[in-house]
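*Asks:* So that we are looking at the same thing, I have put the structure below in structure tokens.
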Amino acid sequence: MHYVYILFSLKDKKLYTGSTADLKERLSRHNRGLVAATKNRRPLKLIYYEACLNRKDSMRRELYLKTAWGKRYLKNRLTNFYKEDSLRILEGPREIARSASHGIPLDAKLSNREGVINK
């Protein structure tokens, strides 16, 4: 499998789009500061990913998601993230932040959302 993923920087509040064959290892490298493009933007949170059967398709999808049309697609796809969870994430990198309405840890809410995993 090959993956296209979107990271949210808790530091600068911007997104990073990338692709990889090993998603867990790549996320680990990002959060340890071993990726030049994100080392000064840590901590990072995985907010979205897609799986592709081959590298060529994942690279093409990554390039698309970096276009204006792709960013519009992500904004529509991640509507709830932008309306609800991003406000809580923007409060800071508190891993045990609680949902005001449900008392559910933020990480638990994100991990249960389709297409989103947490490390």
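Please note that chains go A, B, ... in the order of the structure tokens, that every chain numbers its residues from 1, and that ligands are numbered from 1 in the order shown.
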So that I can see what lies close to region 1-15 of chain A, please list as JSON, numbers by chain the residues with an atom at most 7 Å from it, counting only C-alpha atoms and leaving out residues fewer than 6 positions away in the same chain.
*Replies:* {"A": [21, 23, 41, 42, 43, 44, 45, 46, 47, 48, 49, 50, 51, 52, 53, 54, 55, 58, 62, 90, 92, 93]}
*Asks:* I need the chosen residues saved as a compact mmCIF listing (two decimals), in the first residue's frame, with N, CA and C atoms.
*Replies:*
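Printed below is result-v9.txt as written:
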```txt
# COMPACT_ATOMS: atom_id res chain seq x y z
N ALA A 21 5.10 4.89 1.59
CA ALA A 21 4.69 3.48 1.60
C ALA A 21 4.52 2.97 3.03
N LEU A 23 3.28 4.53 6.44
CA LEU A 23 2.69 5.71 7.08
C LEU A 23 3.16 5.89 8.53
N ARG A 41 8.18 22.79 12.34
CA ARG A 41 6.73 22.98 12.44
C ARG A 41 6.09 22.02 13.43
N ARG A 42 6.90 21.31 14.22
CA ARG A 42 6.40 20.35 15.18
C ARG A 42 5.78 21.03 16.38
N PRO A 43 4.83 20.38 17.06
CA PRO A 43 4.30 19.04 16.82
C PRO A 43 3.30 19.01 15.67
N LEU A 44 3.17 17.83 15.08
CA LEU A 44 2.29 17.61 13.93
C LEU A 44 1.25 16.57 14.27
N LYS A 45 0.08 16.72 13.69
CA LYS A 45 -1.03 15.82 13.94
C LYS A 45 -1.54 15.29 12.60
N LEU A 46 -1.65 13.97 12.47
CA LEU A 46 -2.23 13.39 11.26
C LEU A 46 -3.73 13.65 11.28
N ILE A 47 -4.24 14.33 10.25
CA ILE A 47 -5.68 14.61 10.22
C ILE A 47 -6.39 13.90 9.09
N TYR A 48 -5.64 13.34 8.12
CA TYR A 48 -6.30 12.69 6.98
C TYR A 48 -5.28 11.83 6.24
N TYR A 49 -5.75 10.71 5.69
CA TYR A 49 -4.91 9.93 4.79
C TYR A 49 -5.78 9.14 3.83
N GLU A 50 -5.20 8.76 2.71
CA GLU A 50 -5.84 7.90 1.72
C GLU A 50 -4.86 6.80 1.36
N ALA A 51 -5.36 5.63 1.06
CA ALA A 51 -4.53 4.50 0.65
C ALA A 51 -4.70 4.27 -0.84
N CYS A 52 -3.58 4.00 -1.51
CA CYS A 52 -3.58 3.68 -2.94
C CYS A 52 -2.86 2.35 -3.12
N LEU A 53 -3.19 1.67 -4.19
CA LEU A 53 -2.58 0.36 -4.43
C LEU A 53 -1.18 0.44 -5.00
N ASN A 54 -0.82 1.56 -5.62
CA ASN A 54 0.54 1.67 -6.15
C ASN A 54 1.09 3.08 -5.97
N ARG A 55 2.39 3.20 -6.09
CA ARG A 55 3.09 4.46 -5.82
C ARG A 55 2.70 5.54 -6.81
N SER A 58 -0.53 7.17 -5.81
CA SER A 58 -0.40 7.99 -4.60
C SER A 58 0.34 9.29 -4.90
N GLU A 62 -1.20 12.97 -4.44
CA GLU A 62 -0.51 13.98 -3.64
C GLU A 62 -0.41 15.29 -4.42
N LEU A 90 -6.33 24.09 18.03
CA LEU A 90 -5.67 25.39 18.03
C LEU A 90 -5.41 25.90 19.45
N GLY A 92 -3.90 24.40 21.66
CA GLY A 92 -2.58 23.96 22.05
C GLY A 92 -2.43 22.47 21.93
N PRO A 93 -1.21 21.97 22.09
CA PRO A 93 -0.95 20.54 21.89
C PRO A 93 -1.28 19.69 23.10
```
*Asks:* For Thr20 (chain A), which residue out of A:Thr79, A:Leu74, A:Lys56, A:Trp69 is the nearest one, using only C-alpha atoms?
*Replies:* A:Lys56
*Asks:* Report the distance between CA of Tyr16 (chain A) and CA of Lys71 (chain A) in Å, rounded to one decimal place.
*Replies:*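 Interatomic distance, CA of Tyr16 (chain A) to CA of Lys71 (chain A): 11.1 Å.
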*Asks:* Between CA of Arg61 (chain A) and CA of Gly18 (chain A), what is the spacing in Å?
*Replies:* 9.7 Å
*Asks:* Between CA of Thr38 (chain A) and CA of Glu25 (chain A), what distance in Å does the model show, to one decimal?
*Replies:*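 Between these atoms lies a distance of 14.7 Å.
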